[in-house]
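What follows is the content of my_file.cif (mmCIF, C-alpha atoms and all ligand atoms; chains and numbers go by the auth columns).
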```cif
data_entry
loop_
_atom_site.group_PDB
_atom_site.id
_atom_site.type_symbol
_atom_site.label_atom_id
_atom_site.label_comp_id
_atom_site.label_asym_id
_atom_site.label_seq_id
_atom_site.Cartn_x
_atom_site.Cartn_y
_atom_site.Cartn_z
_atom_site.B_iso_or_equiv
_atom_site.auth_seq_id
_atom_site.auth_asym_id
ATOM 1 C CA MET A 1 157.866 127.663 38.350 0.00 1 K
ATOM 2 C CA ALA A 2 154.615 126.346 39.790 0.00 2 K
ATOM 3 C CA GLU A 3 153.411 124.065 37.054 0.00 3 K
ATOM 4 C CA LYS A 4 150.746 122.633 39.281 0.00 4 K
ATOM 5 C CA ALA A 5 148.596 124.296 41.855 0.00 5 K
ATOM 6 C CA ALA A 6 150.126 124.258 45.297 0.00 6 K
ATOM 7 C CA GLN A 7 148.559 121.812 47.666 0.00 7 K
ATOM 8 C CA ILE A 8 148.754 123.321 51.125 0.00 8 K
ATOM 9 C CA LEU A 9 149.036 121.101 54.175 0.00 9 K
ATOM 10 C CA GLY A 10 150.259 121.745 57.666 0.00 10 K
ATOM 11 C CA VAL A 11 149.407 123.233 61.054 0.00 11 K
ATOM 12 C CA ASP A 12 149.837 126.472 62.993 0.00 12 K
ATOM 13 C CA GLY A 13 151.330 128.399 60.071 0.00 13 K
ATOM 14 C CA VAL A 14 153.544 125.594 58.761 0.00 14 K
ATOM 15 C CA ARG A 15 152.755 125.363 55.071 0.00 15 K
ATOM 16 C CA LEU A 16 153.922 122.517 52.854 0.00 16 K
ATOM 17 C CA TYR A 17 153.797 122.799 49.089 0.00 17 K
ATOM 18 C CA PRO A 18 154.559 119.256 47.917 0.00 18 K
ATOM 19 C CA GLY A 19 156.315 119.129 44.545 0.00 19 K
ATOM 20 C CA LEU A 20 156.009 122.879 43.982 0.00 20 K
ATOM 21 C CA LEU A 21 159.172 122.786 41.865 0.00 21 K
ATOM 22 C CA SER A 22 158.957 120.605 38.774 0.00 22 K
ATOM 23 C CA PRO A 23 162.005 118.444 37.926 0.00 23 K
ATOM 24 C CA ALA A 24 163.016 121.054 35.317 0.00 24 K
ATOM 25 C CA ALA A 25 162.667 123.873 37.846 0.00 25 K
ATOM 26 C CA GLN A 26 164.782 121.890 40.333 0.00 26 K
ATOM 27 C CA GLU A 27 167.538 121.431 37.709 0.00 27 K
ATOM 28 C CA GLN A 28 167.446 125.132 36.907 0.00 28 K
ATOM 29 C CA MET A 29 167.630 126.111 40.584 0.00 29 K
ATOM 30 C CA LEU A 30 170.430 123.608 41.214 0.00 30 K
ATOM 31 C CA GLY A 31 172.420 125.162 38.361 0.00 31 K
ATOM 32 C CA GLU A 32 172.103 128.572 39.986 0.00 32 K
ATOM 33 C CA VAL A 33 173.013 127.153 43.390 0.00 33 K
ATOM 34 C CA ARG A 34 176.118 125.530 41.900 0.00 34 K
ATOM 35 C CA GLU A 35 177.240 129.021 40.843 0.00 35 K
ATOM 36 C CA VAL A 36 176.733 130.218 44.417 0.00 36 K
ATOM 37 C CA ILE A 37 178.812 127.309 45.739 0.00 37 K
ATOM 38 C CA ALA A 38 181.573 128.008 43.200 0.00 38 K
ATOM 39 C CA ALA A 39 181.792 131.643 44.365 0.00 39 K
ATOM 40 C CA ALA A 40 181.258 130.906 48.065 0.00 40 K
ATOM 41 C CA PRO A 41 182.524 127.406 48.947 0.00 41 K
ATOM 42 C CA PHE A 42 180.874 125.315 51.647 0.00 42 K
ATOM 43 C CA PHE A 43 182.325 125.735 55.132 0.00 43 K
ATOM 44 C CA ARG A 44 181.796 123.585 58.216 0.00 44 K
ATOM 45 C CA PRO A 45 180.016 125.591 60.923 0.00 45 K
ATOM 46 C CA GLU A 46 180.972 125.312 64.608 0.00 46 K
ATOM 47 C CA MET A 47 178.597 125.391 67.553 0.00 47 K
ATOM 48 C CA PRO A 48 178.925 128.454 69.789 0.00 48 K
ATOM 49 C CA ARG A 49 181.207 128.012 72.838 0.00 49 K
ATOM 50 C CA THR A 50 181.912 124.279 72.378 0.00 50 K
ATOM 51 C CA GLY A 51 183.281 124.589 68.844 0.00 51 K
ATOM 52 C CA LYS A 52 181.677 121.236 68.025 0.00 52 K
ATOM 53 C CA LEU A 53 181.392 120.836 64.263 0.00 53 K
ATOM 54 C CA MET A 54 177.914 120.610 62.807 0.00 54 K
ATOM 55 C CA SER A 55 177.219 117.671 60.494 0.00 55 K
ATOM 56 C CA VAL A 56 175.935 119.924 57.704 0.00 56 K
ATOM 57 C CA GLU A 57 178.086 122.101 55.480 0.00 57 K
ATOM 58 C CA MET A 58 176.952 125.617 54.756 0.00 58 K
ATOM 59 C CA THR A 59 177.245 128.637 52.532 0.00 59 K
ATOM 60 C CA ASN A 60 175.050 131.636 51.709 0.00 60 K
ATOM 61 C CA ALA A 61 173.837 133.993 49.024 0.00 61 K
ATOM 62 C CA GLY A 62 172.516 137.503 49.513 0.00 62 K
ATOM 63 C CA PRO A 63 173.543 140.718 51.276 0.00 63 K
ATOM 64 C CA LEU A 64 173.741 138.783 54.558 0.00 64 K
ATOM 65 C CA GLY A 65 174.808 135.251 55.356 0.00 65 K
ATOM 66 C CA TRP A 66 174.148 133.186 58.478 0.00 66 K
ATOM 67 C CA VAL A 67 177.301 131.845 60.100 0.00 67 K
ATOM 68 C CA THR A 68 178.316 130.327 63.413 0.00 68 K
ATOM 69 C CA ASP A 69 181.634 129.589 65.066 0.00 69 K
ATOM 70 C CA ARG A 70 182.999 128.970 68.535 0.00 70 K
ATOM 71 C CA ALA A 71 184.026 132.557 69.220 0.00 71 K
ATOM 72 C CA GLY A 72 181.265 134.573 67.587 0.00 72 K
ATOM 73 C CA GLY A 73 178.199 132.337 67.903 0.00 73 K
ATOM 74 C CA TYR A 74 175.154 132.519 65.676 0.00 74 K
ATOM 75 C CA ARG A 75 175.021 135.679 63.567 0.00 75 K
ATOM 76 C CA TYR A 76 174.523 137.248 60.163 0.00 76 K
ATOM 77 C CA GLN A 77 177.459 138.825 58.379 0.00 77 K
ATOM 78 C CA GLU A 78 178.160 140.347 54.978 0.00 78 K
ATOM 79 C CA THR A 79 181.163 138.196 54.092 0.00 79 K
ATOM 80 C CA HIS A 80 182.207 134.549 53.777 0.00 80 K
ATOM 81 C CA PRO A 81 184.163 133.464 56.873 0.00 81 K
ATOM 82 C CA GLY A 82 186.774 131.628 54.791 0.00 82 K
ATOM 83 C CA THR A 83 187.345 133.851 51.772 0.00 83 K
ATOM 84 C CA GLY A 84 186.365 137.212 53.296 0.00 84 K
ATOM 85 C CA ALA A 85 184.434 138.010 50.098 0.00 85 K
ATOM 86 C CA PRO A 86 180.860 139.316 50.002 0.00 86 K
ATOM 87 C CA TRP A 87 178.282 136.578 49.439 0.00 87 K
ATOM 88 C CA PRO A 88 177.068 136.154 45.843 0.00 88 K
ATOM 89 C CA PRO A 89 173.567 137.417 45.032 0.00 89 K
ATOM 90 C CA ILE A 90 170.464 135.342 45.731 0.00 90 K
ATOM 91 C CA PRO A 91 169.587 133.429 42.523 0.00 91 K
ATOM 92 C CA GLN A 92 166.655 134.700 40.502 0.00 92 K
ATOM 93 C CA SER A 93 164.696 131.459 40.829 0.00 93 K
ATOM 94 C CA LEU A 94 164.744 131.791 44.619 0.00 94 K
ATOM 95 C CA LEU A 95 163.677 135.436 44.554 0.00 95 K
ATOM 96 C CA GLY A 96 160.783 134.330 42.347 0.00 96 K
ATOM 97 C CA LEU A 97 159.839 131.603 44.795 0.00 97 K
ATOM 98 C CA TRP A 98 159.823 134.110 47.678 0.00 98 K
ATOM 99 C CA GLU A 99 157.478 136.352 45.657 0.00 99 K
ATOM 100 C CA LEU A 100 155.211 133.391 45.082 0.00 100 K
ATOM 101 C CA VAL A 101 154.859 132.045 48.612 0.00 101 K
ATOM 102 C CA ALA A 102 156.182 134.518 51.212 0.00 102 K
ATOM 103 C CA GLY A 103 153.429 137.145 51.141 0.00 103 K
ATOM 104 C CA TYR A 104 155.933 139.686 52.508 0.00 104 K
ATOM 105 C CA PRO A 105 156.443 143.215 51.173 0.00 105 K
ATOM 106 C CA ALA A 106 160.270 143.086 51.035 0.00 106 K
ATOM 107 C CA PRO A 107 162.764 140.678 49.474 0.00 107 K
ATOM 108 C CA PRO A 108 164.778 138.118 51.432 0.00 108 K
ATOM 109 C CA GLU A 109 168.282 139.183 52.486 0.00 109 K
ATOM 110 C CA CYS A 110 169.737 135.734 53.076 0.00 110 K
ATOM 111 C CA CYS A 111 169.617 132.438 51.260 0.00 111 K
ATOM 112 C CA LEU A 112 171.272 129.918 53.550 0.00 112 K
ATOM 113 C CA VAL A 113 172.498 126.844 51.661 0.00 113 K
ATOM 114 C CA ASN A 114 172.800 123.740 53.844 0.00 114 K
ATOM 115 C CA TYR A 115 174.330 120.550 52.466 0.00 115 K
ATOM 116 C CA TYR A 116 173.351 117.269 54.109 0.00 116 K
ATOM 117 C CA GLY A 117 175.480 114.227 53.348 0.00 117 K
ATOM 118 C CA PRO A 118 173.949 110.764 53.960 0.00 118 K
ATOM 119 C CA ALA A 119 174.540 110.875 57.728 0.00 119 K
ATOM 120 C CA ALA A 120 173.919 114.571 58.391 0.00 120 K
ATOM 121 C CA LYS A 121 171.102 115.848 60.571 0.00 121 K
ATOM 122 C CA MET A 122 170.017 119.082 62.202 0.00 122 K
ATOM 123 C CA GLY A 123 169.057 119.205 65.867 0.00 123 K
ATOM 124 C CA LEU A 124 165.938 120.960 67.102 0.00 124 K
ATOM 125 C CA HIS A 125 166.343 124.725 66.948 0.00 125 K
ATOM 126 C CA GLN A 126 164.450 127.966 66.393 0.00 126 K
ATOM 127 C CA ASP A 127 165.277 130.415 63.611 0.00 127 K
ATOM 128 C CA LYS A 128 165.536 133.526 65.766 0.00 128 K
ATOM 129 C CA ASP A 129 168.583 135.502 64.715 0.00 129 K
ATOM 130 C CA GLU A 130 166.490 137.735 62.451 0.00 130 K
ATOM 131 C CA LEU A 131 165.021 141.105 63.440 0.00 131 K
ATOM 132 C CA ALA A 132 162.119 140.762 60.991 0.00 132 K
ATOM 133 C CA LEU A 133 160.362 137.989 62.874 0.00 133 K
ATOM 134 C CA ASP A 134 157.120 138.861 61.091 0.00 134 K
ATOM 135 C CA ALA A 135 158.621 137.607 57.821 0.00 135 K
ATOM 136 C CA PRO A 136 158.222 133.916 57.046 0.00 136 K
ATOM 137 C CA VAL A 137 161.077 131.484 56.518 0.00 137 K
ATOM 138 C CA VAL A 138 160.857 129.767 53.137 0.00 138 K
ATOM 139 C CA SER A 139 162.681 126.489 52.689 0.00 139 K
ATOM 140 C CA VAL A 140 163.329 124.399 49.552 0.00 140 K
ATOM 141 C CA SER A 141 164.457 120.764 49.427 0.00 141 K
ATOM 142 C CA LEU A 142 166.688 119.547 46.582 0.00 142 K
ATOM 143 C CA GLY A 143 168.058 116.009 46.308 0.00 143 K
ATOM 144 C CA ASP A 144 167.602 113.157 48.766 0.00 144 K
ATOM 145 C CA ALA A 145 164.486 113.078 50.942 0.00 145 K
ATOM 146 C CA ALA A 146 164.676 114.100 54.589 0.00 146 K
ATOM 147 C CA LEU A 147 162.539 113.626 57.690 0.00 147 K
ATOM 148 C CA PHE A 148 161.507 117.098 58.870 0.00 148 K
ATOM 149 C CA LYS A 149 160.128 117.556 62.368 0.00 149 K
ATOM 150 C CA VAL A 150 158.271 120.539 63.804 0.00 150 K
ATOM 151 C CA LYS A 151 158.178 120.282 67.582 0.00 151 K
ATOM 152 C CA GLY A 152 156.140 123.340 68.488 0.00 152 K
ATOM 153 C CA PRO A 153 156.812 126.392 70.667 0.00 153 K
ATOM 154 C CA GLY A 154 158.941 124.446 73.190 0.00 154 K
ATOM 155 C CA ARG A 155 161.932 122.168 72.794 0.00 155 K
ATOM 156 C CA SER A 156 160.154 119.361 74.629 0.00 156 K
ATOM 157 C CA GLY A 157 156.604 118.127 74.369 0.00 157 K
ATOM 158 C CA PRO A 158 154.900 116.248 71.582 0.00 158 K
ATOM 159 C CA THR A 159 155.990 116.677 67.988 0.00 159 K
ATOM 160 C CA SER A 160 153.274 118.632 66.264 0.00 160 K
ATOM 161 C CA TRP A 161 154.157 117.654 62.748 0.00 161 K
ATOM 162 C CA SER A 162 156.609 115.319 61.052 0.00 162 K
ATOM 163 C CA VAL A 163 156.907 114.850 57.311 0.00 163 K
ATOM 164 C CA LYS A 164 159.235 113.330 54.747 0.00 164 K
ATOM 165 C CA LEU A 165 160.357 116.140 52.451 0.00 165 K
ATOM 166 C CA SER A 166 161.227 115.255 48.861 0.00 166 K
ATOM 167 C CA SER A 167 163.123 117.122 46.189 0.00 167 K
ATOM 168 C CA GLY A 168 161.077 120.063 44.950 0.00 168 K
ATOM 169 C CA ASP A 169 159.000 120.404 48.121 0.00 169 K
ATOM 170 C CA VAL A 170 158.729 123.853 49.683 0.00 170 K
ATOM 171 C CA VAL A 171 157.994 124.551 53.352 0.00 171 K
ATOM 172 C CA VAL A 172 156.995 127.944 54.751 0.00 172 K
ATOM 173 C CA LEU A 173 157.183 128.687 58.474 0.00 173 K
ATOM 174 C CA ALA A 174 154.871 131.629 59.075 0.00 174 K
ATOM 175 C CA GLY A 175 152.646 133.063 61.772 0.00 175 K
ATOM 176 C CA LYS A 176 152.697 131.106 65.038 0.00 176 K
ATOM 177 C CA ALA A 177 154.982 128.462 63.578 0.00 177 K
ATOM 178 C CA ARG A 178 157.672 131.020 62.647 0.00 178 K
ATOM 179 C CA GLY A 179 159.216 130.578 66.075 0.00 179 K
ATOM 180 C CA TYR A 180 158.606 126.861 66.455 0.00 180 K
ATOM 181 C CA TYR A 181 161.413 124.403 67.152 0.00 181 K
ATOM 182 C CA HIS A 182 162.211 122.280 64.127 0.00 182 K
ATOM 183 C CA GLY A 183 164.922 119.997 62.830 0.00 183 K
ATOM 184 C CA ILE A 184 165.969 117.285 60.389 0.00 184 K
ATOM 185 C CA ASP A 185 166.000 113.810 61.944 0.00 185 K
ATOM 186 C CA ARG A 186 167.553 111.945 59.048 0.00 186 K
ATOM 187 C CA ILE A 187 168.330 111.820 55.350 0.00 187 K
ATOM 188 C CA TYR A 188 167.150 108.987 53.091 0.00 188 K
ATOM 189 C CA PRO A 189 170.237 108.397 50.915 0.00 189 K
ATOM 190 C CA GLY A 190 169.736 107.495 47.279 0.00 190 K
ATOM 191 C CA THR A 191 166.104 108.651 47.088 0.00 191 K
ATOM 192 C CA SER A 192 166.814 111.287 44.423 0.00 192 K
ATOM 193 C CA THR A 193 168.979 111.441 41.325 0.00 193 K
ATOM 194 C CA LEU A 194 169.086 115.256 41.230 0.00 194 K
ATOM 195 C CA LEU A 195 172.526 115.409 42.883 0.00 195 K
ATOM 196 C CA PRO A 196 174.580 112.740 41.066 0.00 196 K
ATOM 197 C CA ARG A 197 176.939 110.628 43.142 0.00 197 K
ATOM 198 C CA GLU A 198 179.805 111.293 40.719 0.00 198 K
ATOM 199 C CA THR A 199 179.925 115.086 40.824 0.00 199 K
ATOM 200 C CA PHE A 200 180.250 117.526 43.706 0.00 200 K
ATOM 201 C CA PRO A 201 178.332 117.596 45.942 0.00 201 K
ATOM 202 C CA LYS A 202 178.068 113.797 45.797 0.00 202 K
ATOM 203 C CA GLY A 203 174.476 112.784 46.415 0.00 203 K
ATOM 204 C CA GLY A 204 172.780 113.998 49.557 0.00 204 K
ATOM 205 C CA ARG A 205 170.425 116.921 50.056 0.00 205 K
ATOM 206 C CA ILE A 206 170.637 120.649 49.622 0.00 206 K
ATOM 207 C CA ASN A 207 168.270 122.769 51.669 0.00 207 K
ATOM 208 C CA LEU A 208 167.825 126.405 50.712 0.00 208 K
ATOM 209 C CA THR A 209 166.369 128.706 53.350 0.00 209 K
ATOM 210 C CA LEU A 210 165.260 132.223 52.517 0.00 210 K
ATOM 211 C CA ARG A 211 165.143 134.744 55.348 0.00 211 K
ATOM 212 C CA ARG A 212 164.395 138.425 55.753 0.00 212 K
ATOM 213 C CA VAL A 213 166.840 139.650 58.409 0.00 213 K
ATOM 214 C CA ASN A 214 166.192 143.371 58.882 0.00 214 K
ATOM 215 C CA VAL A 215 162.838 145.063 59.307 0.00 215 K
ATOM 216 C CA PRO A 216 162.116 146.829 56.013 0.00 216 K
ATOM 217 C CA THR A 217 162.121 150.638 56.143 0.00 217 K
ATOM 218 C CA SER A 218 159.027 152.181 54.606 0.00 218 K
ATOM 219 C CA CYS A 219 159.622 154.850 52.012 0.00 219 K
HETATM 220 FE FE FE B . 165.862 126.314 60.897 0.00 301 K
#
```
Go ahead and express the file in the form of structure tokens.
Ligand code: FE
Amino acid sequence: MAEKAAQILGVDGVRLYPGLLSPAAQEQMLGEVREVIAAAPFFRPEMPRTGKLMSVEMTNAGPLGWVTDRAGGYRYQETHPGTGAPWPPIPQSLLGLWELVAGYPAPPECCLVNYYGPAAKMGLHQDKDELALDAPVVSVSLGDAALFKVKGPGRSGPTSWSVKLSSGDVVVLAGKARGYYHGIDRIYPGTSTLLPRETFPKGGRINLTLRRVNVPTSC
């Protein structure tokens, strides 16, 4: 997978591995993700309470999937909210990536798949629905570039770090930064040819986020 040594940039436990996935590795991973999408179609998540639709579409792989809707709010569950079926397994390439960069003694339980069309964005938020908050969050960008912002421990205050993420880049939120507010300010449409405009999903960006949800039990 890592055909070149990872270059590590970042602050406070935010690690960026620019171009960690070669173009061939991205194609391979995308093929596996397409199988996930075929088994577990994208759904449009709703904000808790207001029911406002998010601009991203979502699905999951793994024993647990992250979902949100008006009635139930943010949560992990074992089944797809539309089909009622268990989520498909996390693709091998993503399990391998976790092994490579997570430095955590247990596998991820959730691979959240977010699809960003040309106008989609993600407001500032913390990833805090997991019990295993000592485990990092590992995130992969595929397709069009995106402007990723890490705000820091509070929602307001200066942005600590802002970077344009390209296809094949990997970001790890670990240590202090695991609980930092972060978001996607914008997508740069047409900056990648990985997701063709003719086939589903048409252009745009796929972000894959690996999370450990439950604290591992020692044996
Ligand atoms: Fe997040």
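Note that atom CA of Met58 of chain K and atom CA of Val33 of chain K are 12.1 Å apart.
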Dump as CSV the rows for residues of chain K within 7 Å of ligand FE 301 (chain K): closest atom pair and distance in Å with one decimal, only C-alpha atoms and all ligand atoms counted, ordered by chain and rising residue number.
```
residue,atom,partner,partner_atom,distance
K:His125,CA,K:FE301,FE,6.3
K:Gln126,CA,K:FE301,FE,5.9
K:Asp127,CA,K:FE301,FE,5.0
K:His182,CA,K:FE301,FE,6.3
K:Gly183,CA,K:FE301,FE,6.7
```
Only C-alpha atoms, please: the residues just picked out, written as a short mmCIF file (atom, residue, chain, number, x, y, z; two decimals), keeping the file's coordinate frame.
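Contents of the output file result29.cif:
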```cif
data_model
loop_
_atom_site.label_atom_id
_atom_site.label_comp_id
_atom_site.auth_asym_id
_atom_site.auth_seq_id
_atom_site.Cartn_x
_atom_site.Cartn_y
_atom_site.Cartn_z
CA HIS K 125 166.34 124.72 66.95
CA GLN K 126 164.45 127.97 66.39
CA ASP K 127 165.28 130.42 63.61
CA HIS K 182 162.21 122.28 64.13
CA GLY K 183 164.92 120.00 62.83
#
```
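Here the question is which of K:Ala119, K:Val170, K:Gly175, K:Thr193 gets nearest to Leu20 of chain K using all atoms listed in the file, and that residue is K:Val170.
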Point to revise | Counting all atoms listed in the file, the option among K:Leu173, K:Val113, K:Ala38, K:Val138 closest to Glu99 of chain K | key: K:Val138
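Interatomic distance, atom CA of Arg44 of chain K against atom CA of Pro153 of chain K: 28.1 Å.
Put simply, atom CA of Glu130 of chain K is 6.7 Å away from atom CA of Asn214 of chain K.
Matched in the shown structure by the PyMOL selection byres (((chain K and resi 111) around 8) and not hetatm): Asn60, Ala61, Gly62, Gly65, Ile90, Pro108, Glu109, Cys110, Leu112, Val113, Leu208, Thr209, Leu210 and Arg211 of chain K.
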Review point. Using the chain letters and numbers from the file, which residues does the PyMOL selection byres (((chain K and resi 67-79) around 10) and not hetatm) grab, as a PyMOL selection string?
Key: chain K and resi 40+43-54+58-66+80-88+110+112+128-130+213
